Structure formats: C-alpha cells, structure tokens
Amino acid sequence: MIPIVKPFIPPSDDLMPALESVLYSGYIAQGDRVDFFEEKLRLYFNTNRLVTVNSGTSALHLALCLIGVSKGDEVISTPLTAEPTNTAILQTGAKIVWADVEPTTGLISVESVERLISDRTKAIMVVHYAGMVADMNSFSVLKQKYGIPIIEDCAHAFGAEYRNEKLGFYSDYAVYSFQAIKHITTIDGGLLIVNTEDDYERARKLRWFGLDKSTPRLENNIRESGYKYHMNNVNAEIGIIQMKYLERNVQRYIDNGNYFDKTLESVDGITTIDYSKETLPSYWLFTCLVENRESFIDHMNANGIACSTLHLRNDRHSVFGKKADLPGLDDFYSKFIHWGCGHWIDTADRQRIVEVVKSGW
Ligand SMILES: *Cc1c(COP(=O)(O)O)cnc(C)c1O
C-alpha cells in the first residue's frame, strides 16, 4: 500500500554519528545544538524572531498565551484541521467559535470569520490546510480593521509561500510542527515565529518555566510563569541533519502535487483544486474533490493506494461544544479526498496512481 503519510529519516551513515555524538556529549538538554538548529531556521525563514519548542501544539499554546487569551474570550477557528489546533485553544479556557470554510478548497473563509467577530474575539486561527495557503492579504486587512491578532497554523505547510514569502509575514504568529509525519521531523518538535521583539523575548522565557537562559540561574527572577516547552539538543540534532535534505524533500511534495493536478485536471469525476496564483502550496497531502467518494476509496485501496479524508471535522468532537451550521464545510467535506504526495512517492508511483484514477471507479 502506498501510504498517505510517511516520516522521512535521513540515511543512517549521516544521522547516526551526529546523534551518537550529541547523546554522549554530556549535554542533551536545551543547549548549543538547539541554538545551531535555530540559526539554520533563521536563515531558512529569513527572520531572527523564532523559537523552537517541543511540539507544534506547544507553539500554538505559547502564541495564545502571548496574546493573553484566557477564560471568557473567544477564538475564531476552523473545524477542518488536526485536533491540536483546537485543543490548544481549549487549554487557555477560551471558547472556540467555528468559522466556515471555502467549499472549493476547505480553507477558512475570510467572510465567515468577519461575520463572527465580536467584542470577545481575542484571536483568529488560520490553518493552511493540507499545505494549501489561505488568503493572507484579506486576513491581514481584517487584522488591521479590527485589531485582532492572527495565528497561522502552518503545521501542514512547511515550505509553502504567500506572495513569494514563507508563511508568517502577514500575521503575528506562525506555528510549525516537526512531528513524525510532517514535511520535516525532529521526531517531535515545533516552531513559533513571532513579529515583535517583545513577543520574542517573552516566548524565549515562557518556553522554559519563565526563566531567562541568558542570565545565570541564581540571578534569575521569574516574573511570568511559563511552561516546559523547550526543545532539547537531541531533537535539535535530528533537525540539523534534516535541514540538509529539506529543500529536496519539500520540492518532491510540490512536484508530485503539480503532477497530479496537471494529469487529473480533465478527468471525469475529479475536480482539482484551483490554487490561488498568489500562493505556492507545499502539498503535505494531495487534495482533490471526487464524485462517489466511497467507491473511489475502495477502488484506490484495492489497487494498493491508501486514500482517505484523514481528519474528522473537529466540530464532531463533543469537547468543542455544539455543532455549527457550516454549509461550505458540509459541501467540501462530502467530496474531498487525500492521498500521499511526499518524498516516498517516486515517478513510477505517481504514474501508477494516475493510471489507477483514470481507469475509473
Ligand atoms: C501536527 C499538527 C499540529 C500539532 O503539531 P504537534 O507537533 O503534533 O504538536 C497542529 N496543527 C496541525 C494542523 C497539525 O497537523
């Protein structure tokens, strides 16, 4: 079976010596390897204001804490995402208000978000679902108009771009995940990109109990209680080695995605996504709309190709409160499908996938 997702682990002759050296170095906690990984990420994202953490979920929670989201507040979010986007909001005590999505892409709808803004709205969560890129210019206009900060959940969208920039420059906070099956994995890990010096300094402390690592421990004074969210040298070392393979890997997701879009464009029963020209999607999953989805899934599975909707719409979880009326999501959710698009899919695999789709279901 060709899987939908698969971790990339660098070749052992490259990874293992580096890993062994850090494991026996006498320093495995957050130290110089974390600094070095962050240095590499700064070059990649072209910003100094980023902090690594131990998961994408921690990064989301940190962003919400930096904004000051708490009980009694509302955060507008999308149900079409992995659950951590929304459990992180509940962690703060705030209430989630569900926005609708675009029926053609599944991306959170700007119009729907604007209609839901109230006096209690403290933040807006924008998810770049499956590696597609949301309409960030319109969201930044909303942010200016109402003064409400935006958090971008880029966990599916490493390497994606909006107007030729990596994600995070049209908002206040951008969150990435280095979990097992993301474009780049440190086994577990995450990244928070912020836009102000104040947020950067606070984030650095909040990820480590509130302590300032650049001041000697005995001279520290915790003013704001933080969390144990920092990355350690072992995970960082894996990230450092991963960076050597990153450009090639991300490009394979994009090339495979473009190939599927081009070859399936005019196939009966398939509607490919009409990606905005202002975006470069990074195709964490291949996404399209299909007719007779159940038969399509059976047909693909019978031919050794895993395909699925992967995520349960989050408003189906009772913990998030009552279900909302979301016609755009109902529409998208009844037709969309994902299959694998990443580094494990070579030219022969992708040709076979297209032949299987074209053979009909
Ligand atoms: C993976 C993921 C997260 C959480 O990342 P972790 O590193 O697993 O905590 C958040 N949002 C989305 C959309 C994700 O896919």
# chains A, B, ... in the order shown; residues from 1 in each chain; ligands from 1
>>> closest_atom_pairs(of="chain A", to="ligand 1", cutoff="7 Å", atoms="only C-alpha atoms and all ligand atoms", output="JSON lines")
{"residue": "A:Ser55", "atom": "CA", "partner": "ligand 1", "partner_atom_place_in_ligand_line": "7 (O)", "distance": 3.8}
{"residue": "A:Gly56", "atom": "CA", "partner": "ligand 1", "partner_atom_place_in_ligand_line": "7 (O)", "distance": 3.5}
{"residue": "A:Thr57", "atom": "CA", "partner": "ligand 1", "partner_atom_place_in_ligand_line": "9 (O)", "distance": 3.7}
{"residue": "A:Ser58", "atom": "CA", "partner": "ligand 1", "partner_atom_place_in_ligand_line": "9 (O)", "distance": 6.4}
{"residue": "A:Thr81", "atom": "CA", "partner": "ligand 1", "partner_atom_place_in_ligand_line": "13 (C)", "distance": 5.1}
{"residue": "A:Ala82", "atom": "CA", "partner": "ligand 1", "partner_atom_place_in_ligand_line": "13 (C)", "distance": 4.6}
{"residue": "A:Glu83", "atom": "CA", "partner": "ligand 1", "partner_atom_place_in_ligand_line": "11 (N)", "distance": 6.9}
{"residue": "A:Pro84", "atom": "CA", "partner": "ligand 1", "partner_atom_place_in_ligand_line": "10 (C)", "distance": 4.8}
{"residue": "A:Thr85", "atom": "CA", "partner": "ligand 1", "partner_atom_place_in_ligand_line": "11 (N)", "distance": 4.6}
{"residue": "A:Val127", "atom": "CA", "partner": "ligand 1", "partner_atom_place_in_ligand_line": "13 (C)", "distance": 6.5}
{"residue": "A:Tyr129", "atom": "CA", "partner": "ligand 1", "partner_atom_place_in_ligand_line": "13 (C)", "distance": 6.7}
{"residue": "A:Asp153", "atom": "CA", "partner": "ligand 1", "partner_atom_place_in_ligand_line": "11 (N)", "distance": 5.9}
{"residue": "A:Cys154", "atom": "CA", "partner": "ligand 1", "partner_atom_place_in_ligand_line": "13 (C)", "distance": 6.8}
{"residue": "A:Ala155", "atom": "CA", "partner": "ligand 1", "partner_atom_place_in_ligand_line": "14 (C)", "distance": 4.7}
{"residue": "A:His156", "atom": "CA", "partner": "ligand 1", "partner_atom_place_in_ligand_line": "15 (O)", "distance": 5.4}
{"residue": "A:Ser177", "atom": "CA", "partner": "ligand 1", "partner_atom_place_in_ligand_line": "7 (O)", "distance": 4.2}
{"residue": "A:Phe178", "atom": "CA", "partner": "ligand 1", "partner_atom_place_in_ligand_line": "7 (O)", "distance": 5.5}
{"residue": "A:Gln179", "atom": "CA", "partner": "ligand 1", "partner_atom_place_in_ligand_line": "7 (O)", "distance": 4.4}
{"residue": "A:Lys182", "atom": "CA", "partner": "ligand 1", "partner_atom_place_in_ligand_line": "1 (C)", "distance": 6.9}
{"residue": "A:Asp188", "atom": "CA", "partner": "ligand 1", "partner_atom_place_in_ligand_line": "7 (O)", "distance": 5.9}
{"residue": "A:Gly189", "atom": "CA", "partner": "ligand 1", "partner_atom_place_in_ligand_line": "7 (O)", "distance": 5.5}
{"residue": "A:Gly190", "atom": "CA", "partner": "ligand 1", "partner_atom_place_in_ligand_line": "7 (O)", "distance": 5.4}
>>> write_last_selection(atoms="N, CA and C atoms", output="PDB file, in the first residue's frame")
ATOM      1  N   SER A  55       6.836  20.836  20.602  1.00  0.00           N
ATOM      2  CA  SER A  55       5.791  20.374  19.676  1.00  0.00           C
ATOM      3  C   SER A  55       5.089  21.566  19.032  1.00  0.00           C
ATOM      4  N   GLY A  56       4.385  21.285  17.964  1.00  0.00           N
ATOM      5  CA  GLY A  56       3.570  22.319  17.329  1.00  0.00           C
ATOM      6  C   GLY A  56       2.458  22.765  18.265  1.00  0.00           C
ATOM      7  N   THR A  57       1.925  21.820  19.019  1.00  0.00           N
ATOM      8  CA  THR A  57       0.856  22.151  19.971  1.00  0.00           C
ATOM      9  C   THR A  57       1.361  23.143  21.016  1.00  0.00           C
ATOM     10  N   SER A  58       2.587  22.914  21.524  1.00  0.00           N
ATOM     11  CA  SER A  58       3.166  23.868  22.478  1.00  0.00           C
ATOM     12  C   SER A  58       3.313  25.246  21.841  1.00  0.00           C
ATOM     13  N   THR A  81      -9.191  20.633  10.348  1.00  0.00           N
ATOM     14  CA  THR A  81      -7.786  20.666  10.754  1.00  0.00           C
ATOM     15  C   THR A  81      -7.516  19.456  11.640  1.00  0.00           C
ATOM     16  N   ALA A  82      -6.253  19.290  12.034  1.00  0.00           N
ATOM     17  CA  ALA A  82      -5.937  18.284  13.050  1.00  0.00           C
ATOM     18  C   ALA A  82      -6.397  18.846  14.400  1.00  0.00           C
ATOM     19  N   GLU A  83      -6.804  17.984  15.290  1.00  0.00           N
ATOM     20  CA  GLU A  83      -7.390  18.414  16.563  1.00  0.00           C
ATOM     21  C   GLU A  83      -6.524  19.380  17.387  1.00  0.00           C
ATOM     22  N   PRO A  84      -5.165  19.228  17.392  1.00  0.00           N
ATOM     23  CA  PRO A  84      -4.376  20.125  18.252  1.00  0.00           C
ATOM     24  C   PRO A  84      -4.595  21.609  18.006  1.00  0.00           C
ATOM     25  N   THR A  85      -4.937  21.990  16.777  1.00  0.00           N
ATOM     26  CA  THR A  85      -5.235  23.403  16.500  1.00  0.00           C
ATOM     27  C   THR A  85      -6.255  23.897  17.521  1.00  0.00           C
ATOM     28  N   VAL A 127      -5.657  28.164   9.447  1.00  0.00           N
ATOM     29  CA  VAL A 127      -4.936  26.915   9.177  1.00  0.00           C
ATOM     30  C   VAL A 127      -4.686  26.797   7.669  1.00  0.00           C
ATOM     31  N   TYR A 129      -4.540  24.491   5.448  1.00  0.00           N
ATOM     32  CA  TYR A 129      -4.935  23.091   5.457  1.00  0.00           C
ATOM     33  C   TYR A 129      -4.288  22.283   4.308  1.00  0.00           C
ATOM     34  N   ASP A 153      -1.571  28.497  11.671  1.00  0.00           N
ATOM     35  CA  ASP A 153      -1.141  27.127  11.917  1.00  0.00           C
ATOM     36  C   ASP A 153      -0.594  26.586  10.596  1.00  0.00           C
ATOM     37  N   CYS A 154       0.747  26.554  10.510  1.00  0.00           N
ATOM     38  CA  CYS A 154       1.422  26.145   9.270  1.00  0.00           C
ATOM     39  C   CYS A 154       1.927  24.710   9.372  1.00  0.00           C
ATOM     40  N   ALA A 155       1.346  23.917  10.278  1.00  0.00           N
ATOM     41  CA  ALA A 155       1.847  22.559  10.503  1.00  0.00           C
ATOM     42  C   ALA A 155       1.796  21.690   9.248  1.00  0.00           C
ATOM     43  N   HIS A 156       0.858  21.999   8.335  1.00  0.00           N
ATOM     44  CA  HIS A 156       0.752  21.236   7.086  1.00  0.00           C
ATOM     45  C   HIS A 156       1.517  21.917   5.955  1.00  0.00           C
ATOM     46  N   SER A 177       5.120  22.502  12.876  1.00  0.00           N
ATOM     47  CA  SER A 177       5.292  21.275  13.656  1.00  0.00           C
ATOM     48  C   SER A 177       6.380  20.420  13.023  1.00  0.00           C
ATOM     49  N   PHE A 178       7.208  19.807  13.884  1.00  0.00           N
ATOM     50  CA  PHE A 178       8.219  18.846  13.409  1.00  0.00           C
ATOM     51  C   PHE A 178       7.865  17.443  13.897  1.00  0.00           C
ATOM     52  N   GLN A 179       6.572  17.178  14.017  1.00  0.00           N
ATOM     53  CA  GLN A 179       6.080  15.864  14.437  1.00  0.00           C
ATOM     54  C   GLN A 179       6.429  14.826  13.350  1.00  0.00           C
ATOM     55  N   LYS A 182       5.298  15.191   9.477  1.00  0.00           N
ATOM     56  CA  LYS A 182       5.262  16.490   8.797  1.00  0.00           C
ATOM     57  C   LYS A 182       6.396  16.576   7.756  1.00  0.00           C
ATOM     58  N   ASP A 188       9.649  14.715  17.460  1.00  0.00           N
ATOM     59  CA  ASP A 188       8.626  15.660  17.880  1.00  0.00           C
ATOM     60  C   ASP A 188       9.315  17.005  18.028  1.00  0.00           C
ATOM     61  N   GLY A 189       8.576  18.057  17.763  1.00  0.00           N
ATOM     62  CA  GLY A 189       9.170  19.388  17.895  1.00  0.00           C
ATOM     63  C   GLY A 189       8.244  20.403  17.253  1.00  0.00           C
ATOM     64  N   GLY A 190       8.522  21.667  17.495  1.00  0.00           N
ATOM     65  CA  GLY A 190       7.693  22.709  16.904  1.00  0.00           C
ATOM     66  C   GLY A 190       8.459  24.010  16.828  1.00  0.00           C
TER      67      GLY A 190
END
>>> closest_residue(among="A:Ile353, A:Ile337, A:Ile238, A:Val113", to="Pro17 in chain A", atoms="only C-alpha atoms")
A:Ile238
>>> closest_residue(among="A:Trp208, A:Arg49, A:Leu310, A:Gln91", to="Asp172 in chain A", atoms="only C-alpha atoms")
A:Arg49
>>> select_by_dssp(residues="range 78-222 of chain A", states="strand (DSSP E or B)", output="count of residues only")
32
>>> atom_distance(atom1="CA of Pro11 in chain A", atom2="CA of Trp284 in chain A")
21.6 Å
>>> atom_distance(atom1="CA of His128 in chain A", atom2="CA of Ile150 in chain A")
12.7 Å
>>> residues_around(residues="Gly342 in chain A", least_positions_apart="5", cutoff="8 Å", atoms="only C-alpha atoms", output="CSV table (one decimal) with all heavy atoms, in the first residue's frame")
chain,number,residue,atom,x,y,z
A,5,VAL,N,0.9,9.2,4.4
A,5,VAL,CA,1.9,10.0,5.1
A,5,VAL,C,3.0,9.0,5.5
A,5,VAL,O,2.8,7.8,5.7
A,5,VAL,CB,1.4,10.7,6.4
A,5,VAL,CG1,0.4,11.8,6.1
A,5,VAL,CG2,0.7,9.6,7.3
A,6,LYS,N,4.2,9.6,5.6
A,6,LYS,CA,5.4,8.7,6.0
A,6,LYS,C,6.5,9.6,6.5
A,6,LYS,O,6.8,10.6,5.9
A,6,LYS,CB,5.8,7.9,4.7
A,6,LYS,CG,6.9,6.9,5.0
A,6,LYS,CD,7.2,6.1,3.8
A,6,LYS,CE,8.3,5.1,4.1
A,6,LYS,NZ,8.6,4.3,2.9
A,249,ASN,N,13.3,17.4,-0.3
A,249,ASN,CA,12.1,16.8,0.1
A,249,ASN,C,10.9,17.6,-0.1
A,249,ASN,O,9.9,17.2,-0.7
A,249,ASN,CB,12.1,16.4,1.6
A,249,ASN,CG,12.9,15.1,1.9
A,249,ASN,OD1,13.2,14.4,0.9
A,249,ASN,ND2,13.3,14.9,3.1
A,250,VAL,N,10.9,18.9,0.3
A,250,VAL,CA,9.8,19.8,0.1
A,250,VAL,C,9.4,19.9,-1.4
A,250,VAL,O,8.3,19.8,-1.8
A,250,VAL,CB,10.0,21.2,0.7
A,250,VAL,CG1,9.0,22.2,0.2
A,250,VAL,CG2,10.1,21.1,2.2
A,252,ARG,N,9.8,17.7,-3.6
A,252,ARG,CA,9.2,16.4,-4.1
A,252,ARG,C,7.7,16.5,-3.8
A,252,ARG,O,6.9,16.0,-4.6
A,252,ARG,CB,9.8,15.2,-3.5
A,252,ARG,CG,11.2,15.0,-4.3
A,252,ARG,CD,11.9,13.7,-4.1
A,252,ARG,NE,11.1,12.5,-4.2
A,252,ARG,CZ,11.5,11.4,-3.6
A,252,ARG,NH1,12.7,11.4,-3.0
A,252,ARG,NH2,10.8,10.3,-3.7
A,253,TYR,N,7.3,17.0,-2.7
A,253,TYR,CA,5.9,17.2,-2.4
A,253,TYR,C,5.2,18.1,-3.5
A,253,TYR,O,4.2,17.8,-4.0
A,253,TYR,CB,5.6,17.8,-1.0
A,253,TYR,CG,5.8,16.9,0.2
A,253,TYR,CD1,7.1,16.7,0.7
A,253,TYR,CD2,4.7,16.3,0.8
A,253,TYR,CE1,7.2,15.9,1.9
A,253,TYR,CE2,4.9,15.6,2.0
A,253,TYR,CZ,6.1,15.4,2.5
A,253,TYR,OH,6.3,14.6,3.6
A,256,ASN,N,5.2,16.4,-7.0
A,256,ASN,CA,4.2,15.4,-7.1
A,256,ASN,C,2.8,16.0,-7.2
A,256,ASN,O,1.9,15.6,-7.9
A,256,ASN,CB,4.3,14.4,-6.0
A,256,ASN,CG,5.5,13.4,-6.1
A,256,ASN,OD1,5.9,13.2,-7.2
A,256,ASN,ND2,5.9,12.9,-5.0
A,283,TYR,N,1.7,21.0,-0.5
A,283,TYR,CA,1.1,19.7,-0.8
A,283,TYR,C,1.5,18.7,0.3
A,283,TYR,O,2.0,17.6,0.0
A,283,TYR,CB,1.5,19.2,-2.1
A,283,TYR,CG,0.9,19.9,-3.3
A,283,TYR,CD1,1.6,20.9,-3.9
A,283,TYR,CD2,-0.3,19.5,-3.9
A,283,TYR,CE1,1.1,21.6,-5.0
A,283,TYR,CE2,-0.8,20.1,-5.0
A,283,TYR,CZ,-0.1,21.2,-5.6
A,283,TYR,OH,-0.6,21.8,-6.7
A,284,TRP,N,1.2,19.0,1.6
A,284,TRP,CA,1.5,18.0,2.6
A,284,TRP,C,0.7,16.7,2.3
A,284,TRP,O,1.2,15.6,2.5
A,284,TRP,CB,1.2,18.5,4.0
A,284,TRP,CG,1.5,17.5,5.0
A,284,TRP,CD1,2.7,16.9,5.3
A,284,TRP,CD2,0.6,16.9,6.0
A,284,TRP,NE1,2.7,16.0,6.3
A,284,TRP,CE2,1.4,16.0,6.8
A,284,TRP,CE3,-0.7,17.1,6.3
A,284,TRP,CZ2,0.8,15.3,7.8
A,284,TRP,CZ3,-1.3,16.4,7.3
A,284,TRP,CH2,-0.5,15.5,8.1
A,285,LEU,N,-0.5,16.9,1.7
A,285,LEU,CA,-1.3,15.8,1.2
A,285,LEU,C,-1.7,16.2,-0.2
A,285,LEU,O,-1.8,17.4,-0.4
A,285,LEU,CB,-2.5,15.6,2.1
A,285,LEU,CG,-2.4,15.5,3.6
A,285,LEU,CD1,-3.7,15.8,4.3
A,285,LEU,CD2,-1.9,14.0,3.9
>>> closest_residue(among="A:Pro149, A:Ser25, A:Asn221, A:Tyr229", to="His61 in chain A", atoms="only C-alpha atoms")
A:Tyr229
>>> atom_distance(atom1="CA of Thr52 in chain A", atom2="CA of Tyr176 in chain A")
9.3 Å
>>> residues_around(residues="range 136-148 of chain A", least_positions_apart="4", cutoff="10 Å", atoms="only C-alpha atoms", output="ChimeraX atom specification")
/A:67,75,109-111,113-114,117-119,121-124,126,128,152,162-163,167-172,278-279
>>> residues_around(residues="Pro327 in chain A", least_positions_apart="6", cutoff="9 Å", atoms="only C-alpha atoms", output="count of residues only")
3
>>> closest_residue(among="A:Asp298, A:Glu161, A:Glu38, A:Asp73", to="Val356 in chain A", atoms="only C-alpha atoms")
A:Asp298
>>> select_by_dssp(residues="range 130-346 of chain A", states="alpha helix (DSSP H)", output="number ranges by chain")
A: 136-146, 197-206, 233-264, 293-302, 327-333
>>> write_last_selection(atoms="C-alpha atoms", output="short mmCIF file (atom, residue, chain, number, x, y, z; two decimals), in the first residue's frame")
data_model
loop_
_atom_site.label_atom_id
_atom_site.label_comp_id
_atom_site.auth_asym_id
_atom_site.auth_seq_id
_atom_site.Cartn_x
_atom_site.Cartn_y
_atom_site.Cartn_z
CA MET A 136 -3.43 36.07 3.91
CA ASN A 137 -3.85 39.51 2.40
CA SER A 138 -7.56 39.53 3.25
CA PHE A 139 -6.81 38.21 6.73
CA SER A 140 -4.24 40.92 7.31
CA VAL A 141 -6.84 43.52 6.22
CA LEU A 142 -9.20 42.05 8.87
CA LYS A 143 -6.44 42.24 11.43
CA GLN A 144 -5.89 45.94 10.67
CA LYS A 145 -9.61 46.70 10.66
CA TYR A 146 -10.48 45.03 13.97
CA GLU A 197 10.94 41.86 19.91
CA ASP A 198 8.70 41.83 22.97
CA ASP A 199 6.95 38.60 21.90
CA TYR A 200 10.32 37.06 21.06
CA GLU A 201 11.79 37.79 24.49
CA ARG A 202 8.66 36.58 26.28
CA ALA A 203 8.43 33.40 24.18
CA ARG A 204 12.04 32.52 24.99
CA LYS A 205 11.25 32.68 28.69
CA LEU A 206 7.78 31.14 28.59
CA ASN A 233 19.78 19.02 21.90
CA VAL A 234 18.86 15.51 20.74
CA ASN A 235 15.77 16.57 18.79
CA ALA A 236 17.63 19.65 17.54
CA GLU A 237 20.49 17.50 16.19
CA ILE A 238 18.00 15.48 14.17
CA GLY A 239 16.59 18.76 12.86
CA ILE A 240 20.07 19.98 11.88
CA ILE A 241 20.69 16.83 9.83
CA GLN A 242 17.16 17.01 8.35
CA MET A 243 17.86 20.52 7.02
CA LYS A 244 20.36 19.03 4.53
CA TYR A 245 17.51 17.11 2.88
CA LEU A 246 14.81 19.69 3.35
CA GLU A 247 14.80 21.58 0.05
CA ARG A 248 14.85 18.34 -1.94
CA ASN A 249 12.07 16.78 0.14
CA VAL A 250 9.77 19.79 0.08
CA GLN A 251 10.30 20.05 -3.68
CA ARG A 252 9.16 16.44 -4.09
CA TYR A 253 5.86 17.16 -2.39
CA ILE A 254 5.39 20.16 -4.67
CA ASP A 255 6.44 18.35 -7.88
CA ASN A 256 4.19 15.38 -7.14
CA GLY A 257 1.29 17.69 -6.29
CA ASN A 258 1.74 19.67 -9.52
CA TYR A 259 1.93 16.43 -11.49
CA PHE A 260 -1.33 15.10 -10.02
CA ASP A 261 -3.07 18.43 -10.60
CA LYS A 262 -1.95 18.60 -14.21
CA THR A 263 -2.64 14.99 -15.17
CA LEU A 264 -6.03 14.78 -13.45
CA ARG A 293 -16.12 9.00 -2.84
CA GLU A 294 -16.80 5.66 -1.17
CA SER A 295 -16.31 3.72 -4.43
CA PHE A 296 -13.26 5.85 -5.19
CA ILE A 297 -11.65 4.90 -1.87
CA ASP A 298 -12.43 1.19 -2.45
CA HIS A 299 -11.01 1.37 -5.96
CA MET A 300 -7.77 3.04 -4.82
CA ASN A 301 -7.33 0.72 -1.83
CA ALA A 302 -7.90 -2.35 -4.00
CA PRO A 327 -22.64 24.87 4.62
CA GLY A 328 -19.22 25.40 2.99
CA LEU A 329 -17.70 22.71 5.16
CA ASP A 330 -20.64 20.32 4.58
CA ASP A 331 -20.09 20.68 0.87
CA PHE A 332 -16.28 20.26 0.90
CA TYR A 333 -16.44 17.50 3.49
#
>>> closest_residue(among="A:Ser70, A:Ala160, A:Ser318, A:His230", to="Gln30 in chain A", atoms="only C-alpha atoms")
A:His230
>>> residues_around(residues="Thr105 in chain A", least_positions_apart="2", cutoff="9 Å", atoms="only C-alpha atoms", output="PyMOL selection string")
chain A and resi 101-103+107-108+129+132+273-275+287-288+332+336
>>> write_last_selection(atoms="C-alpha atoms", output="PDB file, in the first residue's frame")
ATOM      1  CA  VAL A 101     -14.504  27.075   5.022  1.00  0.00           C
ATOM      2  CA  GLU A 102     -14.371  27.707   1.278  1.00  0.00           C
ATOM      3  CA  PRO A 103     -16.279  24.854  -0.393  1.00  0.00           C
ATOM      4  CA  LEU A 107      -9.531  26.794   3.673  1.00  0.00           C
ATOM      5  CA  ILE A 108     -11.029  29.010   6.390  1.00  0.00           C
ATOM      6  CA  TYR A 129      -4.935  23.091   5.457  1.00  0.00           C
ATOM      7  CA  MET A 132      -2.776  24.966   0.742  1.00  0.00           C
ATOM      8  CA  ILE A 273      -8.130  22.476  -6.544  1.00  0.00           C
ATOM      9  CA  ASP A 274      -7.903  25.870  -8.196  1.00  0.00           C
ATOM     10  CA  TYR A 275      -4.908  27.185  -6.235  1.00  0.00           C
ATOM     11  CA  THR A 287      -6.196  17.040  -2.161  1.00  0.00           C
ATOM     12  CA  CYS A 288      -8.977  16.973  -4.737  1.00  0.00           C
ATOM     13  CA  PHE A 332     -16.285  20.264   0.896  1.00  0.00           C
ATOM     14  CA  PHE A 336     -12.763  15.834  -0.682  1.00  0.00           C
TER      15      PHE A 336
END
>>> decode(residues="range 235-253 of chain A", atoms="N, CA, C and O atoms", output="JSON list (two decimals), in the first residue's frame")
[["chain", "number", "residue", "atom", "x", "y", "z"],
["A", 235, "ASN", "N", 16.73, 16.29, 19.86],
["A", 235, "ASN", "CA", 15.77, 16.57, 18.79],
["A", 235, "ASN", "C", 16.35, 17.61, 17.82],
["A", 235, "ASN", "O", 16.17, 17.51, 16.61],
["A", 236, "ALA", "N", 17.05, 18.60, 18.38],
["A", 236, "ALA", "CA", 17.63, 19.65, 17.54],
["A", 236, "ALA", "C", 18.66, 19.06, 16.59],
["A", 236, "ALA", "O", 18.73, 19.44, 15.41],
["A", 237, "GLU", "N", 19.47, 18.10, 17.05],
["A", 237, "GLU", "CA", 20.49, 17.50, 16.19],
["A", 237, "GLU", "C", 19.83, 16.80, 15.00],
["A", 237, "GLU", "O", 20.31, 16.88, 13.86],
["A", 238, "ILE", "N", 18.72, 16.12, 15.27],
["A", 238, "ILE", "CA", 18.00, 15.48, 14.17],
["A", 238, "ILE", "C", 17.52, 16.55, 13.19],
["A", 238, "ILE", "O", 17.65, 16.38, 11.97],
["A", 239, "GLY", "N", 17.04, 17.66, 13.72],
["A", 239, "GLY", "CA", 16.59, 18.76, 12.86],
["A", 239, "GLY", "C", 17.72, 19.32, 12.01],
["A", 239, "GLY", "O", 17.53, 19.62, 10.83],
["A", 240, "ILE", "N", 18.91, 19.43, 12.61],
["A", 240, "ILE", "CA", 20.07, 19.98, 11.88],
["A", 240, "ILE", "C", 20.40, 19.07, 10.69],
["A", 240, "ILE", "O", 20.62, 19.55, 9.57],
["A", 241, "ILE", "N", 20.40, 17.77, 10.93],
["A", 241, "ILE", "CA", 20.69, 16.83, 9.83],
["A", 241, "ILE", "C", 19.56, 16.87, 8.79],
["A", 241, "ILE", "O", 19.80, 16.86, 7.59],
["A", 242, "GLN", "N", 18.31, 16.95, 9.27],
["A", 242, "GLN", "CA", 17.16, 17.01, 8.35],
["A", 242, "GLN", "C", 17.26, 18.19, 7.37],
["A", 242, "GLN", "O", 16.82, 18.09, 6.22],
["A", 243, "MET", "N", 17.81, 19.32, 7.86],
["A", 243, "MET", "CA", 17.86, 20.52, 7.02],
["A", 243, "MET", "C", 18.63, 20.28, 5.72],
["A", 243, "MET", "O", 18.39, 20.93, 4.71],
["A", 244, "LYS", "N", 19.59, 19.32, 5.74],
["A", 244, "LYS", "CA", 20.36, 19.03, 4.53],
["A", 244, "LYS", "C", 19.47, 18.45, 3.43],
["A", 244, "LYS", "O", 19.80, 18.53, 2.26],
["A", 245, "TYR", "N", 18.38, 17.80, 3.85],
["A", 245, "TYR", "CA", 17.51, 17.11, 2.88],
["A", 245, "TYR", "C", 16.23, 17.88, 2.61],
["A", 245, "TYR", "O", 15.41, 17.48, 1.79],
["A", 246, "LEU", "N", 16.08, 18.99, 3.33],
["A", 246, "LEU", "CA", 14.81, 19.69, 3.35],
["A", 246, "LEU", "C", 14.35, 20.21, 1.99],
["A", 246, "LEU", "O", 13.24, 19.92, 1.55],
["A", 247, "GLU", "N", 15.22, 20.96, 1.32],
["A", 247, "GLU", "CA", 14.80, 21.58, 0.05],
["A", 247, "GLU", "C", 14.37, 20.49, -0.94],
["A", 247, "GLU", "O", 13.35, 20.61, -1.60],
["A", 248, "ARG", "N", 15.16, 19.42, -1.01],
["A", 248, "ARG", "CA", 14.85, 18.34, -1.94],
["A", 248, "ARG", "C", 13.51, 17.69, -1.58],
["A", 248, "ARG", "O", 12.67, 17.45, -2.44],
["A", 249, "ASN", "N", 13.32, 17.42, -0.28],
["A", 249, "ASN", "CA", 12.07, 16.78, 0.14],
["A", 249, "ASN", "C", 10.85, 17.63, -0.12],
["A", 249, "ASN", "O", 9.86, 17.16, -0.66],
["A", 250, "VAL", "N", 10.92, 18.90, 0.28],
["A", 250, "VAL", "CA", 9.77, 19.79, 0.08],
["A", 250, "VAL", "C", 9.45, 19.87, -1.42],
["A", 250, "VAL", "O", 8.29, 19.81, -1.84],
["A", 251, "GLN", "N", 10.50, 19.96, -2.24],
["A", 251, "GLN", "CA", 10.30, 20.05, -3.68],
["A", 251, "GLN", "C", 9.59, 18.81, -4.22],
["A", 251, "GLN", "O", 8.79, 18.90, -5.15],
["A", 252, "ARG", "N", 9.84, 17.66, -3.61],
["A", 252, "ARG", "CA", 9.16, 16.44, -4.09],
["A", 252, "ARG", "C", 7.67, 16.47, -3.79],
["A", 252, "ARG", "O", 6.87, 16.01, -4.61],
["A", 253, "TYR", "N", 7.29, 17.00, -2.66],
["A", 253, "TYR", "CA", 5.86, 17.16, -2.39],
["A", 253, "TYR", "C", 5.24, 18.06, -3.46],
["A", 253, "TYR", "O", 4.18, 17.78, -4.01]]
